[in-house]
file run-v1.cif (mmCIF, C-alpha atoms)
data_work
loop_
_atom_site.group_PDB
_atom_site.id
_atom_site.type_symbol
_atom_site.label_atom_id
_atom_site.label_comp_id
_atom_site.auth_asym_id
_atom_site.auth_seq_id
_atom_site.Cartn_x
_atom_site.Cartn_y
_atom_site.Cartn_z
ATOM 1 C CA MET A 279 127.485 83.426 92.172
ATOM 2 C CA SER A 280 130.784 83.713 90.289
ATOM 3 C CA GLU A 281 129.429 86.823 88.607
ATOM 4 C CA VAL A 282 128.979 88.364 92.007
ATOM 5 C CA LEU A 283 132.356 87.234 93.271
ATOM 6 C CA ASN A 284 134.043 88.786 90.265
ATOM 7 C CA ALA A 285 132.220 92.019 90.697
ATOM 8 C CA LYS A 286 133.587 95.214 92.073
ATOM 9 C CA VAL A 287 133.149 95.760 95.775
ATOM 10 C CA ILE A 288 131.339 98.979 96.471
ATOM 11 C CA ALA A 289 132.414 100.333 99.821
ATOM 12 C CA SER A 290 130.919 103.758 99.436
ATOM 13 C CA GLU A 291 127.435 104.810 100.428
ATOM 14 C CA GLU A 292 127.385 107.100 97.394
ATOM 15 C CA ASN A 293 125.105 104.889 95.371
ATOM 16 C CA HIS A 294 123.096 107.163 93.212
ATOM 17 C CA PHE A 295 120.352 105.530 91.246
ATOM 18 C CA SER A 296 121.466 105.044 87.664
ATOM 19 C CA ARG A 297 118.802 105.766 85.093
ATOM 20 C CA ARG A 298 120.820 103.649 82.679
ATOM 21 C CA ARG A 299 119.573 100.577 84.521
ATOM 22 C CA VAL A 300 115.904 101.061 83.736
ATOM 23 C CA VAL A 301 114.124 102.646 80.872
ATOM 24 C CA LYS A 302 110.546 103.825 81.051
ATOM 25 C CA GLY A 303 108.507 101.057 79.569
ATOM 26 C CA VAL A 304 110.160 98.249 81.470
ATOM 27 C CA ALA A 305 107.423 96.292 83.195
ATOM 28 C CA TRP A 306 107.351 96.467 86.964
ATOM 29 C CA SER A 307 107.848 93.167 88.781
ATOM 30 C CA VAL A 308 107.530 92.353 92.450
ATOM 31 C CA PRO A 309 110.828 93.090 94.256
ATOM 32 C CA VAL A 310 112.068 90.163 96.299
ATOM 33 C CA ILE A 311 114.972 89.352 98.567
ATOM 34 C CA MET A 312 116.468 86.120 97.355
ATOM 35 C CA THR A 313 117.402 83.896 100.228
ATOM 36 C CA THR A 314 118.004 80.406 99.024
ATOM 37 C CA ILE A 315 119.886 80.053 102.234
ATOM 38 C CA ALA A 316 118.817 78.019 105.192
ATOM 39 C CA VAL A 317 119.767 78.758 108.767
ATOM 40 C CA PRO A 318 123.244 77.235 108.970
ATOM 41 C CA PRO A 319 124.054 74.401 111.357
ATOM 42 C CA ALA A 320 125.301 75.560 114.733
ATOM 43 C CA SER A 321 125.711 74.299 118.231
ATOM 44 C CA ALA A 322 122.171 75.415 118.908
ATOM 45 C CA SER A 323 120.804 73.919 115.751
ATOM 46 C CA THR A 324 120.224 70.435 114.416
ATOM 47 C CA GLY A 325 120.622 71.552 110.834
ATOM 48 C CA SER A 326 118.814 73.709 108.330
ATOM 49 C CA ALA A 327 115.672 75.426 109.449
ATOM 50 C CA THR A 328 112.522 75.451 107.402
ATOM 51 C CA VAL A 329 109.418 77.539 107.776
ATOM 52 C CA THR A 330 106.159 76.364 106.262
ATOM 53 C CA ILE A 331 102.799 78.075 106.199
ATOM 54 C CA LEU A 332 100.072 75.542 106.944
ATOM 55 C CA ASN A 333 96.669 75.336 105.340
ATOM 56 C CA PRO A 334 96.763 78.395 103.092
ATOM 57 C CA GLY A 335 93.448 79.384 101.601
ATOM 58 C CA THR A 336 91.415 78.100 104.544
ATOM 59 C CA PRO A 337 88.132 79.953 105.244
ATOM 60 C CA ILE A 338 88.798 82.155 108.275
ATOM 61 C CA THR A 339 87.036 84.826 110.304
ATOM 62 C CA TYR A 340 88.758 88.073 111.192
ATOM 63 C CA SER A 341 88.127 89.253 114.724
ATOM 64 C CA GLN A 342 87.346 92.888 115.547
ATOM 65 C CA GLY A 343 84.990 93.036 112.620
ATOM 66 C CA ASN A 344 83.717 89.509 112.123
ATOM 67 C CA ARG A 345 84.738 89.559 108.483
ATOM 68 C CA GLY A 346 85.167 86.414 106.442
ATOM 69 C CA GLY A 347 88.006 85.536 104.117
ATOM 70 C CA THR A 348 90.760 83.044 103.457
ATOM 71 C CA GLY A 349 94.203 82.517 104.927
ATOM 72 C CA PRO A 350 96.494 80.040 106.676
ATOM 73 C CA THR A 351 95.936 78.529 110.100
ATOM 74 C CA ALA A 352 99.476 78.033 111.409
ATOM 75 C CA ILE A 353 103.185 78.453 110.816
ATOM 76 C CA ARG A 354 105.403 75.364 111.141
ATOM 77 C CA ILE A 355 109.082 75.701 112.026
ATOM 78 C CA THR A 356 111.443 72.743 111.892
ATOM 79 C CA GLY A 357 115.135 72.096 112.067
ATOM 80 C CA VAL A 358 116.237 74.432 114.852
ATOM 81 C CA VAL A 359 117.074 73.785 118.491
ATOM 82 C CA GLY A 360 117.126 76.909 120.578
ATOM 83 C CA ALA A 361 115.705 80.388 120.406
ATOM 84 C CA ILE A 362 114.193 81.668 117.214
ATOM 85 C CA SER A 363 112.607 84.932 116.282
ATOM 86 C CA GLY A 364 111.061 86.446 113.249
ATOM 87 C CA SER A 365 108.380 88.633 111.849
ATOM 88 C CA VAL A 366 105.202 88.351 109.844
ATOM 89 C CA ILE A 367 104.567 91.082 107.291
ATOM 90 C CA ILE A 368 101.079 91.467 105.859
ATOM 91 C CA ALA A 369 100.967 93.908 102.957
ATOM 92 C CA PRO A 370 98.094 94.842 100.648
ATOM 93 C CA VAL A 371 98.066 93.686 97.062
ATOM 94 C CA GLY A 372 96.378 96.471 95.155
ATOM 95 C CA ALA A 373 94.142 99.157 96.612
ATOM 96 C CA VAL A 374 92.555 98.369 99.968
ATOM 97 C CA ARG A 375 90.628 100.216 102.646
ATOM 98 C CA ALA A 376 91.604 98.045 105.590
ATOM 99 C CA SER A 377 94.611 96.459 107.213
ATOM 100 C CA ILE A 378 95.222 93.041 108.770
ATOM 101 C CA GLY A 379 97.222 92.117 111.844
ATOM 102 C CA ILE A 380 97.997 88.965 113.831
ATOM 103 C CA GLN A 381 95.483 88.403 116.610
ATOM 104 C CA PRO A 382 97.320 88.276 119.965
ATOM 105 C CA SER A 383 96.308 85.902 122.735
ATOM 106 C CA SER A 384 97.556 84.887 126.155
ATOM 107 C CA THR A 385 99.289 81.840 124.700
ATOM 108 C CA SER A 386 100.503 83.519 121.532
ATOM 109 C CA VAL A 387 104.186 83.988 120.725
ATOM 110 C CA PHE A 388 103.330 87.121 118.759
ATOM 111 C CA SER A 389 103.811 90.674 119.931
ATOM 112 C CA ALA A 390 101.300 93.374 119.106
ATOM 113 C CA SER A 391 101.128 94.185 115.410
ATOM 114 C CA ASN A 392 102.629 97.465 114.229
ATOM 115 C CA PHE A 393 101.030 99.235 111.302
ATOM 116 C CA SER A 394 102.548 101.421 108.627
ATOM 117 C CA GLY A 395 99.765 102.479 106.321
ATOM 118 C CA ASN A 396 97.886 99.290 105.519
ATOM 119 C CA THR A 397 100.938 97.078 106.063
ATOM 120 C CA SER A 398 101.459 95.343 109.391
ATOM 121 C CA THR A 399 104.558 93.824 110.937
ATOM 122 C CA THR A 400 104.236 91.408 113.831
ATOM 123 C CA THR A 401 107.279 89.981 115.542
ATOM 124 C CA PHE A 402 107.452 86.645 117.312
ATOM 125 C CA ALA A 403 109.906 84.772 119.489
ATOM 126 C CA ALA A 404 109.865 81.149 120.593
ATOM 127 C CA GLY A 405 111.993 78.148 121.401
ATOM 128 C CA THR A 406 111.927 74.928 119.473
ATOM 129 C CA GLY A 407 113.042 72.655 122.298
ATOM 130 C CA THR A 408 114.450 69.455 120.935
ATOM 131 C CA GLY A 409 114.175 70.339 117.290
ATOM 132 C CA GLN A 410 110.845 68.770 116.545
ATOM 133 C CA ALA A 411 108.303 70.653 114.446
ATOM 134 C CA LEU A 412 106.885 73.697 116.179
ATOM 135 C CA ASP A 413 103.418 74.682 114.977
ATOM 136 C CA ILE A 414 102.431 78.238 115.810
ATOM 137 C CA PRO A 415 98.674 78.808 115.410
ATOM 138 C CA VAL A 416 97.873 82.076 113.739
ATOM 139 C CA SER A 417 94.640 84.058 113.551
ATOM 140 C CA PHE A 418 93.955 87.535 112.288
ATOM 141 C CA PHE A 419 92.083 90.739 112.950
ATOM 142 C CA ASN A 420 91.307 93.608 110.645
ATOM 143 C CA LEU A 421 91.257 97.348 111.083
ATOM 144 C CA GLU A 422 88.939 99.498 109.000
ATOM 145 C CA ASP A 423 87.278 102.864 109.050
ATOM 146 C CA THR A 424 83.655 102.563 110.148
ATOM 147 C CA ALA A 425 82.572 105.901 108.730
ATOM 148 C CA GLY A 426 83.582 108.333 106.047
ATOM 149 C CA ASN A 427 84.798 107.954 102.515
ATOM 150 C CA ASN A 428 87.499 105.442 103.409
ATOM 151 C CA LYS A 429 85.043 102.870 104.753
ATOM 152 C CA PRO A 430 85.181 99.516 102.911
ATOM 153 C CA ARG A 431 82.232 99.074 100.609
ATOM 154 C CA PRO A 432 79.842 96.117 100.728
ATOM 155 C CA ASN A 433 81.174 93.090 98.854
ATOM 156 C CA ASP A 434 84.689 94.546 98.647
ATOM 157 C CA VAL A 435 87.308 91.788 98.602
ATOM 158 C CA TYR A 436 90.878 92.800 99.438
ATOM 159 C CA SER A 437 94.001 90.720 98.954
ATOM 160 C CA TYR A 438 97.213 90.774 100.959
ATOM 161 C CA SER A 439 100.562 89.048 100.859
ATOM 162 C CA MET A 440 101.798 87.438 104.052
ATOM 163 C CA THR A 441 105.531 86.944 104.456
ATOM 164 C CA VAL A 442 107.092 85.037 107.338
ATOM 165 C CA LEU A 443 110.748 85.835 108.023
ATOM 166 C CA LEU A 444 112.497 83.499 110.442
ATOM 167 C CA THR A 445 115.844 84.263 112.041
ATOM 168 C CA GLY A 446 117.680 81.364 113.582
ATOM 169 C CA PRO A 447 120.467 81.081 116.158
ATOM 170 C CA ASN A 448 123.187 82.243 113.734
ATOM 171 C CA SER A 449 121.232 85.132 112.234
ATOM 172 C CA GLY A 450 120.628 83.291 108.984
ATOM 173 C CA SER A 451 117.105 83.626 107.744
ATOM 174 C CA VAL A 452 114.469 81.801 105.770
ATOM 175 C CA ARG A 453 111.110 82.947 104.566
ATOM 176 C CA ALA A 454 107.769 81.681 103.369
ATOM 177 C CA GLU A 455 104.909 83.468 101.696
ATOM 178 C CA THR A 456 101.183 83.057 101.238
ATOM 179 C CA SER A 457 98.160 85.239 100.615
ATOM 180 C CA LEU A 458 95.153 86.460 102.577
ATOM 181 C CA THR A 459 91.767 87.699 101.445
ATOM 182 C CA ILE A 460 89.048 89.512 103.353
ATOM 183 C CA ARG A 461 85.449 90.113 102.242
ATOM 184 C CA PHE A 462 83.236 92.896 103.499
ATOM 185 C CA LYS A 463 79.518 92.700 103.979
ATOM 186 C CA MET B 175 110.107 108.160 106.112
ATOM 187 C CA ILE B 176 113.716 108.317 104.909
ATOM 188 C CA TRP B 177 115.768 105.119 104.823
ATOM 189 C CA HIS B 178 119.477 104.524 104.594
ATOM 190 C CA HIS B 179 121.668 101.453 104.283
ATOM 191 C CA CYS B 180 122.743 100.051 107.632
ATOM 192 C CA ASP B 181 126.391 100.748 108.409
ATOM 193 C CA HIS B 182 127.238 97.083 108.907
ATOM 194 C CA VAL B 183 126.108 95.920 105.481
ATOM 195 C CA ALA B 184 128.691 95.028 102.855
ATOM 196 C CA GLN B 185 127.662 94.946 99.246
ATOM 197 C CA VAL B 186 129.036 93.464 96.059
ATOM 198 C CA ARG B 187 127.515 94.123 92.675
ATOM 199 C CA THR B 188 127.868 93.123 89.081
ATOM 200 C CA GLN B 189 129.470 95.648 86.791
ATOM 201 C CA ARG B 190 126.127 96.397 85.177
ATOM 202 C CA GLY B 191 124.678 96.876 88.639
ATOM 203 C CA SER B 192 121.660 94.710 87.990
ATOM 204 C CA ARG B 193 122.523 92.248 90.744
ATOM 205 C CA VAL B 194 123.574 93.127 94.282
ATOM 206 C CA ALA B 195 124.692 90.755 97.019
ATOM 207 C CA LEU B 196 124.352 92.056 100.571
ATOM 208 C CA LEU B 197 125.789 90.759 103.797
ATOM 209 C CA HIS B 198 125.045 92.157 107.232
ATOM 210 C CA LEU B 199 128.265 91.671 109.138
ATOM 211 C CA ASP B 200 126.436 89.928 111.981
ATOM 212 C CA ALA B 201 124.718 87.536 109.580
ATOM 213 C CA ALA B 202 126.045 84.246 108.323
ATOM 214 C CA ARG B 203 125.060 84.397 104.677
ATOM 215 C CA PRO B 204 124.328 87.031 102.043
ATOM 216 C CA VAL B 205 121.093 87.827 100.311
ATOM 217 C CA VAL B 206 120.795 88.784 96.665
ATOM 218 C CA LEU B 207 118.714 91.510 95.034
ATOM 219 C CA GLU B 208 117.985 91.632 91.314
ATOM 220 C CA GLY B 209 115.955 93.792 88.969
ATOM 221 C CA THR B 210 113.424 95.969 90.739
ATOM 222 C CA ALA B 211 114.787 94.956 94.142
ATOM 223 C CA ALA B 212 118.259 96.165 93.170
ATOM 224 C CA ALA B 213 116.789 99.369 91.745
ATOM 225 C CA ILE B 214 115.064 100.083 95.071
ATOM 226 C CA TRP B 215 118.302 99.394 96.934
ATOM 227 C CA ASP B 216 120.104 101.979 94.831
ATOM 228 C CA LEU B 217 117.440 104.578 95.524
ATOM 229 C CA ILE B 218 117.868 104.236 99.278
ATOM 230 C CA ASP B 219 120.439 106.916 99.942
ATOM 231 C CA GLY B 220 119.535 108.512 103.255
ATOM 232 C CA ARG B 221 118.179 111.569 101.497
ATOM 233 C CA ARG B 222 115.170 110.520 99.465
ATOM 234 C CA ALA B 223 111.896 110.070 101.313
ATOM 235 C CA GLN B 224 110.020 106.810 100.754
ATOM 236 C CA ALA B 225 107.532 108.701 98.595
ATOM 237 C CA GLY B 226 110.425 109.954 96.501
ATOM 238 C CA VAL B 227 111.727 106.444 95.992
ATOM 239 C CA ILE B 228 108.292 105.326 94.826
ATOM 240 C CA ALA B 229 107.992 108.333 92.521
ATOM 241 C CA GLU B 230 111.352 107.537 90.909
ATOM 242 C CA LEU B 231 110.290 103.969 90.315
ATOM 243 C CA GLU B 232 106.906 105.016 88.921
ATOM 244 C CA ALA B 233 108.754 107.229 86.474
ATOM 245 C CA SER B 234 110.998 104.377 85.397
ATOM 246 C CA PHE B 235 108.732 101.351 85.283
ATOM 247 C CA GLU B 236 105.361 100.564 83.745
ATOM 248 C CA ASP B 237 103.033 99.508 86.552
ATOM 249 C CA ALA B 238 99.841 98.466 84.854
ATOM 250 C CA ALA B 239 98.473 96.764 87.967
ATOM 251 C CA GLY B 240 98.975 99.789 90.189
ATOM 252 C CA ARG B 241 100.713 97.745 92.868
ATOM 253 C CA LEU B 242 104.125 99.365 92.801
ATOM 254 C CA GLY B 243 103.669 101.582 95.860
ATOM 255 C CA ALA B 244 102.364 98.853 98.139
ATOM 256 C CA GLN B 245 104.979 96.367 96.969
ATOM 257 C CA VAL B 246 107.808 98.831 97.530
ATOM 258 C CA GLU B 247 106.489 99.580 101.015
ATOM 259 C CA SER B 248 106.371 95.879 101.835
ATOM 260 C CA PHE B 249 109.837 95.344 100.391
ATOM 261 C CA LEU B 250 111.321 98.146 102.488
ATOM 262 C CA ILE B 251 109.831 96.598 105.607
ATOM 263 C CA SER B 252 111.427 93.298 104.630
ATOM 264 C CA LEU B 253 114.805 94.986 104.204
ATOM 265 C CA GLU B 254 114.446 96.585 107.612
ATOM 266 C CA ALA B 255 113.487 93.254 109.172
ATOM 267 C CA GLN B 256 116.728 91.809 107.847
ATOM 268 C CA ARG B 257 118.682 94.800 109.234
ATOM 269 C CA LEU B 258 119.795 95.890 105.789
ATOM 270 C CA ILE B 259 118.240 99.355 106.041
ATOM 271 C CA GLU B 260 117.077 101.558 108.876
ATOM 272 C CA PRO B 261 115.266 104.865 109.228
ATOM 273 C CA ALA B 262 117.525 107.846 108.772
ATOM 274 C CA ARG B 263 117.780 110.238 111.673
ATOM 275 C CA THR B 264 116.255 113.569 110.854
ATOM 276 C CA THR B 265 117.152 116.875 112.400
ATOM 277 C CA ASN B 266 114.436 119.381 113.141
#

call {"tool": "encode", "arguments": {"input": "run-v1.cif", "output": "structure tokens"}}
result
Amino acid sequence: MSEVLNAKVIASEENHFSRRRVVKGVAWSVPVIMTTIAVPPASASTGSATVTILNPGTPITYSQGNRGGTGPTAIRITGVVGAISGSVIIAPVGAVRASIGIQPSSTSVFSASNFSGNTSTTTFAAGTGTGQALDIPVSFFNLEDTAGNNKPRPNDVYSYSMTVLLTGPNSGSVRAETSLTIRFK
Amino acid sequence: MIWHHCDHVAQVRTQRGSRVALLHLDAARPVVLEGTAAAIWDLIDGRRAQAGVIAELEASFEDAAGRLGAQVESFLISLEAQRLIEPARTTN
């Protein structure tokens, strides 16, 4: 972090992309936001929050299409007392012809999923009461064209990344990631 | 879609510009972007469309797996979720 602290503060919005940084031929790698930071202790918190995705890779069935695949069954949040909120982002890995959202229900803490292309963002809000582990069940649905050239083909298997971003009482954030697959008949 | 940096985000970078620390002024702690993430951050200028950002990156990086576009889209959504960027207002 000392390298960052010694660096020049850039106050201007005039940040033009410098081609000196990258040269054609440099291999692409997945861009990530590095947050090794837990939600800081606060009056509404018992300490650092953690978010864990439970049972990744479990055989699941997507509603609104009755498709099979694999994914997690719940999100576990610990270490916070008070209100929490966050979002779940499900983005395709490679070419896909379908999108996946979080299935809402009457008892769900999730809002309706919003789609941008084949990427969905679903927000959630909940309270963790006395700070004990809060398990949020999660199930999924898929959207797909049922006719035309963009219809998924039989035996297609699509992969997606699922990122959970959790914002705690002091606006700090933590994240967890897993993957989803869906198979078409 | 055109994105720009949120007004309430402070940034500090290394002299080479390969590492950027960001802090939303309402947040408690910074986040750090390196490599491709920092390159994307620099391309978000309130003028380029998302497709233009992806095109710049495709011209600069080798993407043998063909996942660059989807990963950039997902990354931008993550930045928005953390209030580091927001859609630019457009005038018609």

call {"tool": "resolve_selection", "arguments": {"input": "run-v1.cif", "expression": "the PyMOL selection byres ((chain A and resi 432-434) around 7)", "output": "list in words"}}
result
Pro430, Arg431, Val435, Tyr436, Arg461, Phe462 and Lys463 of chain A

call {"tool": "interface_residues", "arguments": {"input": "run-v1.cif", "of": "chain B", "to": "chain A", "cutoff": "8 Å", "atoms": "all atoms listed in the file", "output": "VMD selection string"}}
result
chain B and resid 179 184 to 195 200 to 211 213 216 to 217 219 233 to 237 239 to 242 244 to 249 251 to 253 255

call {"tool": "atom_distance", "arguments": {"input": "run-v1.cif", "atom1": "atom CA of Asp423 of chain A", "atom2": "atom CA of Gly343 of chain A"}}
result
10.7 Å

call {"tool": "closest_residue", "arguments": {"input": "run-v1.cif", "among": "B:Ala212, B:Ala223, B:Leu196, B:Ala229", "to": "Ala262 of chain B", "atoms": "all atoms listed in the file"}}
result
B:Ala223

call {"tool": "closest_residue", "arguments": {"input": "run-v1.cif", "among": "A:Ser389, A:Ser437, A:Asn420, A:Gln342", "to": "Ser363 of chain A", "atoms": "all atoms listed in the file"}}
result
A:Ser389

call {"tool": "resolve_selection", "arguments": {"input": "run-v1.cif", "expression": "the PyMOL selection byres ((chain A and resi 414-418) around 6)", "output": "list in words"}}
result
Tyr340, Thr351, Ala352, Ile353, Gly379, Ile380, Gln381, Asp413 and Phe419 of chain A

call {"tool": "atom_distance", "arguments": {"input": "run-v1.cif", "atom1": "atom CA of Thr459 of chain A", "atom2": "atom CA of Ala376 of chain A"}}
result
11.1 Å

call {"tool": "atom_distance", "arguments": {"input": "run-v1.cif", "atom1": "atom CA of Leu199 of chain B", "atom2": "atom CA of Gln410 of chain A"}}
result
29.7 Å

call {"tool": "axis_aligned_box", "arguments": {"input": "run-v1.cif", "around": "segment 238-254 of chain B", "padding_each_side": "8 Å", "output": "lines of an AutoDock Vina configuration file"}}
result
center_x = 106.6
center_y = 97.4
center_z = 96.2
size_x = 32.3
size_y = 24.3
size_z = 38.8

call {"tool": "resolve_selection", "arguments": {"input": "run-v1.cif", "expression": "the PyMOL selection byres ((chain B and resi 260) around 8)", "output": "number ranges by chain"}}
result
B: 177-180, 254, 257-259, 261-262

call {"tool": "closest_residue", "arguments": {"input": "run-v1.cif", "among": "B:Leu250, B:Trp215, B:Val227, B:Gly220", "to": "Arg263 of chain B", "atoms": "only C-alpha atoms"}}
result
B:Gly220

call {"tool": "closest_residue", "arguments": {"input": "run-v1.cif", "among": "A:Gly405, A:Ile331, A:Ala361, A:Arg375", "to": "Gly426 of chain A", "atoms": "only C-alpha atoms"}}
result
A:Arg375

call {"tool": "decode", "arguments": {"input": "run-v1.cif", "residues": "segment 305-314 of chain A", "atoms": "all heavy atoms", "output": "compact mmCIF listing (two decimals), in the first residue's frame"}}
result
# COMPACT_ATOMS: atom_id res chain seq x y z
N ALA A 305 -1.75 -10.58 -22.73
CA ALA A 305 -2.91 -11.45 -22.56
C ALA A 305 -3.96 -10.78 -21.68
O ALA A 305 -3.64 -10.16 -20.67
CB ALA A 305 -2.47 -12.77 -21.95
N TRP A 306 -5.20 -10.93 -22.09
CA TRP A 306 -6.31 -10.41 -21.32
C TRP A 306 -6.49 -11.25 -20.06
O TRP A 306 -6.37 -12.48 -20.10
CB TRP A 306 -7.60 -10.45 -22.14
CG TRP A 306 -8.82 -10.07 -21.37
CD1 TRP A 306 -9.79 -10.91 -20.91
CD2 TRP A 306 -9.20 -8.75 -20.97
NE1 TRP A 306 -10.75 -10.18 -20.24
CE2 TRP A 306 -10.41 -8.87 -20.27
CE3 TRP A 306 -8.63 -7.49 -21.13
CZ2 TRP A 306 -11.06 -7.76 -19.74
CZ3 TRP A 306 -9.29 -6.40 -20.59
CH2 TRP A 306 -10.48 -6.54 -19.92
N SER A 307 -6.77 -10.58 -18.93
CA SER A 307 -7.10 -11.31 -17.71
C SER A 307 -8.36 -10.70 -17.12
O SER A 307 -8.68 -9.54 -17.38
CB SER A 307 -5.95 -11.23 -16.70
OG SER A 307 -5.67 -9.89 -16.37
N VAL A 308 -9.07 -11.47 -16.35
CA VAL A 308 -10.34 -11.02 -15.80
C VAL A 308 -10.13 -9.80 -14.91
O VAL A 308 -9.31 -9.84 -13.99
CB VAL A 308 -11.00 -12.13 -14.96
CG1 VAL A 308 -12.34 -11.65 -14.39
CG2 VAL A 308 -11.21 -13.37 -15.81
N PRO A 309 -10.82 -8.69 -15.18
CA PRO A 309 -10.69 -7.51 -14.30
C PRO A 309 -11.43 -7.73 -12.99
O PRO A 309 -12.56 -8.24 -12.99
CB PRO A 309 -11.34 -6.39 -15.12
CG PRO A 309 -12.32 -7.08 -16.01
CD PRO A 309 -11.75 -8.44 -16.29
N VAL A 310 -10.80 -7.38 -11.90
CA VAL A 310 -11.43 -7.56 -10.60
C VAL A 310 -11.24 -6.31 -9.74
O VAL A 310 -10.29 -5.56 -9.91
CB VAL A 310 -10.86 -8.78 -9.84
CG1 VAL A 310 -11.14 -10.06 -10.58
CG2 VAL A 310 -9.36 -8.61 -9.62
N ILE A 311 -12.19 -6.11 -8.86
CA ILE A 311 -12.06 -5.07 -7.83
C ILE A 311 -11.51 -5.75 -6.59
O ILE A 311 -12.11 -6.69 -6.09
CB ILE A 311 -13.43 -4.44 -7.52
CG1 ILE A 311 -14.03 -3.83 -8.78
CG2 ILE A 311 -13.29 -3.37 -6.42
CD1 ILE A 311 -15.45 -3.33 -8.59
N MET A 312 -10.37 -5.31 -6.15
CA MET A 312 -9.76 -5.95 -4.99
C MET A 312 -10.27 -5.31 -3.71
O MET A 312 -10.05 -4.11 -3.47
CB MET A 312 -8.24 -5.85 -5.08
CG MET A 312 -7.69 -6.68 -6.22
SD MET A 312 -5.90 -6.75 -6.22
CE MET A 312 -5.51 -5.08 -6.67
N THR A 313 -10.97 -6.10 -2.96
CA THR A 313 -11.50 -5.64 -1.69
C THR A 313 -11.11 -6.66 -0.65
O THR A 313 -11.85 -7.61 -0.41
CB THR A 313 -13.02 -5.47 -1.72
OG1 THR A 313 -13.59 -6.68 -2.23
CG2 THR A 313 -13.44 -4.32 -2.60
N THR A 314 -9.95 -6.49 -0.10
CA THR A 314 -9.53 -7.36 0.98
C THR A 314 -10.01 -6.79 2.30
O THR A 314 -9.48 -7.03 3.35
CB THR A 314 -8.00 -7.47 1.03
OG1 THR A 314 -7.48 -6.15 1.16
CG2 THR A 314 -7.47 -8.09 -0.24
